[in-house]
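J.: Below: one structure in structure tokens.
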Amino acid sequence: MKRYRQLKLLLLAFFCAYILAACCIKKFKEGNEIFPIFTWSLFSSIPARESQSYAVQIVEVDGRSFDPPLDFMMAKELLSGAGDINAHYLILRLGKAIDQDGQSEARELRRLFESNYLDGSHAQLKYQVIVNRFNPVEKWKTGRVETALLKEYEVPRRRE
């Protein structure tokens, strides 16, 4: 009986400490969670009325045009770096820099993207950076997304 009472007190202390830690993390970490302590606010935020994301589309490779252009993240048979999650985050940063007219940052991010993900195995490659603007609920219901071209680039084969 004594072990049972100790176990109950231990469990009670654990849950109290867990709840206290979750509340402190929510207050001091601006809503971020630290594994394995969660604040359990799963569906408590409402999505923005208008959202946007950026993407790279391959327009032409070695004189072969694509209509419609290929999404870079899906072009694994053409480019070895396609589909990489780090490329995705770099594309988001590149698109945001171009969209906000940060020319020096965009230039550096473009250099990083091309050197790391557009391998020099093609004689010529054209790609475009686009922005997709959408209402999350409407996109979920109808699939409607507005796409706008931000910038188009051409990458010649690197001379070695």
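Lettering and numbering for the structure tokens are positional, with chains as A, B, ... in the shown order, residues counted from 1 in each chain, and ligands counted from 1 in the shown order.
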Near stretch 105-118 of chain A, counting only C-alpha atoms, which residues have an atom at most 8 Å away, once you skip same-chain residues fewer than 3 positions from it, shown as a PyMOL selection string?
T.: chain A and resi 79-82+87+90-91+93-95+97-98+102+155
J.: Mind dumping the selected residues with N, CA and C atoms as an mmCIF file, in the first residue's frame?
T.:
```cif
data_model
loop_
_atom_site.group_PDB
_atom_site.id
_atom_site.type_symbol
_atom_site.label_atom_id
_atom_site.label_comp_id
_atom_site.auth_asym_id
_atom_site.auth_seq_id
_atom_site.Cartn_x
_atom_site.Cartn_y
_atom_site.Cartn_z
ATOM 1 N N LEU A 79 17.572 16.995 -62.363
ATOM 2 C CA LEU A 79 18.554 17.663 -61.511
ATOM 3 C C LEU A 79 18.746 16.881 -60.218
ATOM 4 N N SER A 80 19.998 16.621 -59.894
ATOM 5 C CA SER A 80 20.277 15.799 -58.714
ATOM 6 C C SER A 80 19.883 16.488 -57.408
ATOM 7 N N GLY A 81 19.875 17.818 -57.368
ATOM 8 C CA GLY A 81 19.540 18.531 -56.135
ATOM 9 C C GLY A 81 18.052 18.731 -55.919
ATOM 10 N N ALA A 82 17.235 18.362 -56.892
ATOM 11 C CA ALA A 82 15.789 18.565 -56.777
ATOM 12 C C ALA A 82 15.222 17.697 -55.663
ATOM 13 N N ALA A 87 17.036 22.848 -50.208
ATOM 14 C CA ALA A 87 16.759 23.641 -51.417
ATOM 15 C C ALA A 87 15.416 24.348 -51.267
ATOM 16 N N LEU A 90 15.888 27.334 -49.103
ATOM 17 C CA LEU A 90 16.659 28.343 -49.835
ATOM 18 C C LEU A 90 15.779 29.041 -50.876
ATOM 19 N N ILE A 91 14.911 28.284 -51.532
ATOM 20 C CA ILE A 91 13.975 28.860 -52.512
ATOM 21 C C ILE A 91 13.028 29.838 -51.828
ATOM 22 N N ARG A 93 13.631 31.603 -49.142
ATOM 23 C CA ARG A 93 14.400 32.812 -48.815
ATOM 24 C C ARG A 93 14.693 33.629 -50.073
ATOM 25 N N LEU A 94 15.037 32.953 -51.174
ATOM 26 C CA LEU A 94 15.319 33.635 -52.440
ATOM 27 C C LEU A 94 14.076 34.368 -52.939
ATOM 28 N N GLY A 95 12.933 33.694 -52.940
ATOM 29 C CA GLY A 95 11.693 34.316 -53.384
ATOM 30 C C GLY A 95 11.329 35.529 -52.545
ATOM 31 N N ALA A 97 13.389 37.431 -50.830
ATOM 32 C CA ALA A 97 14.347 38.507 -51.102
ATOM 33 C C ALA A 97 14.006 39.213 -52.415
ATOM 34 N N ILE A 98 13.654 38.453 -53.444
ATOM 35 C CA ILE A 98 13.294 39.062 -54.727
ATOM 36 C C ILE A 98 11.998 39.859 -54.571
ATOM 37 N N GLY A 102 15.213 42.935 -52.180
ATOM 38 C CA GLY A 102 16.519 42.870 -51.527
ATOM 39 C C GLY A 102 17.543 42.338 -52.514
ATOM 40 N N VAL A 155 21.080 29.972 -66.685
ATOM 41 C CA VAL A 155 22.344 29.485 -66.104
ATOM 42 C C VAL A 155 23.117 28.748 -67.198
#
```
J.: Within 8 Å of A:Val59, counting only C-alpha atoms, which residues qualify if same-chain residues fewer than 5 places away don't, as a ChimeraX atom specification?
T.: /A:65-70,125-128
J.: Take the residues that were just selected and, keeping N, CA and C atoms, output them as a compact mmCIF listing (two decimals), in the first residue's frame.
T.:
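Full text of result-v2.txt as output:
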```txt
# COMPACT_ATOMS: atom_id res chain seq x y z
N SER A 65 12.16 22.90 -74.09
CA SER A 65 11.23 23.73 -73.31
C SER A 65 10.18 22.87 -72.62
N PHE A 66 9.72 23.34 -71.48
CA PHE A 66 8.67 22.66 -70.73
C PHE A 66 7.46 23.59 -70.61
N ASP A 67 6.32 23.11 -71.08
CA ASP A 67 5.09 23.89 -70.99
C ASP A 67 3.99 22.98 -70.48
N PRO A 68 3.55 23.09 -69.29
CA PRO A 68 3.92 24.09 -68.29
C PRO A 68 5.30 23.78 -67.69
N PRO A 69 5.93 24.80 -67.09
CA PRO A 69 7.26 24.60 -66.50
C PRO A 69 7.22 23.55 -65.39
N LEU A 70 8.37 22.87 -65.19
CA LEU A 70 8.47 21.84 -64.16
C LEU A 70 8.80 22.46 -62.81
N LEU A 125 20.34 26.17 -68.94
CA LEU A 125 19.15 25.95 -68.11
C LEU A 125 18.50 27.29 -67.83
N LYS A 126 17.19 27.36 -68.03
CA LYS A 126 16.42 28.56 -67.68
C LYS A 126 15.44 28.18 -66.58
N TYR A 127 15.34 29.06 -65.59
CA TYR A 127 14.37 28.83 -64.53
C TYR A 127 13.75 30.14 -64.12
N GLN A 128 12.61 30.04 -63.46
CA GLN A 128 11.93 31.23 -62.98
C GLN A 128 11.55 31.05 -61.52
```
J.: Which distance in Å separates atom CA of A:Ile85 and atom CA of A:Leu149, to one decimal?
T.: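 So the answer is 22.2 Å.
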J.: For atom CA of A:Ile46 and atom CA of A:Trp140, determine how far apart the two atoms are, in Å to one decimal place.
T.: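 About the pair atom CA of A:Ile46 and atom CA of A:Trp140: they are 14.2 Å apart.
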J.: Pick out the closest residue to A:Ser121 from this set: A:Cys23, A:Lys141, A:Leu78, A:Gln52. Count only C-alpha atoms.
T.: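 Using only C-alpha atoms, A:Ser121 sits closest to A:Leu78.
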J.: So which residues touch A:Ala55 within 9 Å, counting only C-alpha atoms, skipping near sequence neighbours fewer than 5 positions away, as a ChimeraX atom specification?
T.: /A:71-73,88,91-92,95,128-132
J.: I need the residues in chain A that are helix (DSSP H, G or I) according to DSSP; give them as a VMD selection string.
T.: chain A and resid 2 to 28 72 to 74 85 to 99 103 to 117 136 to 142
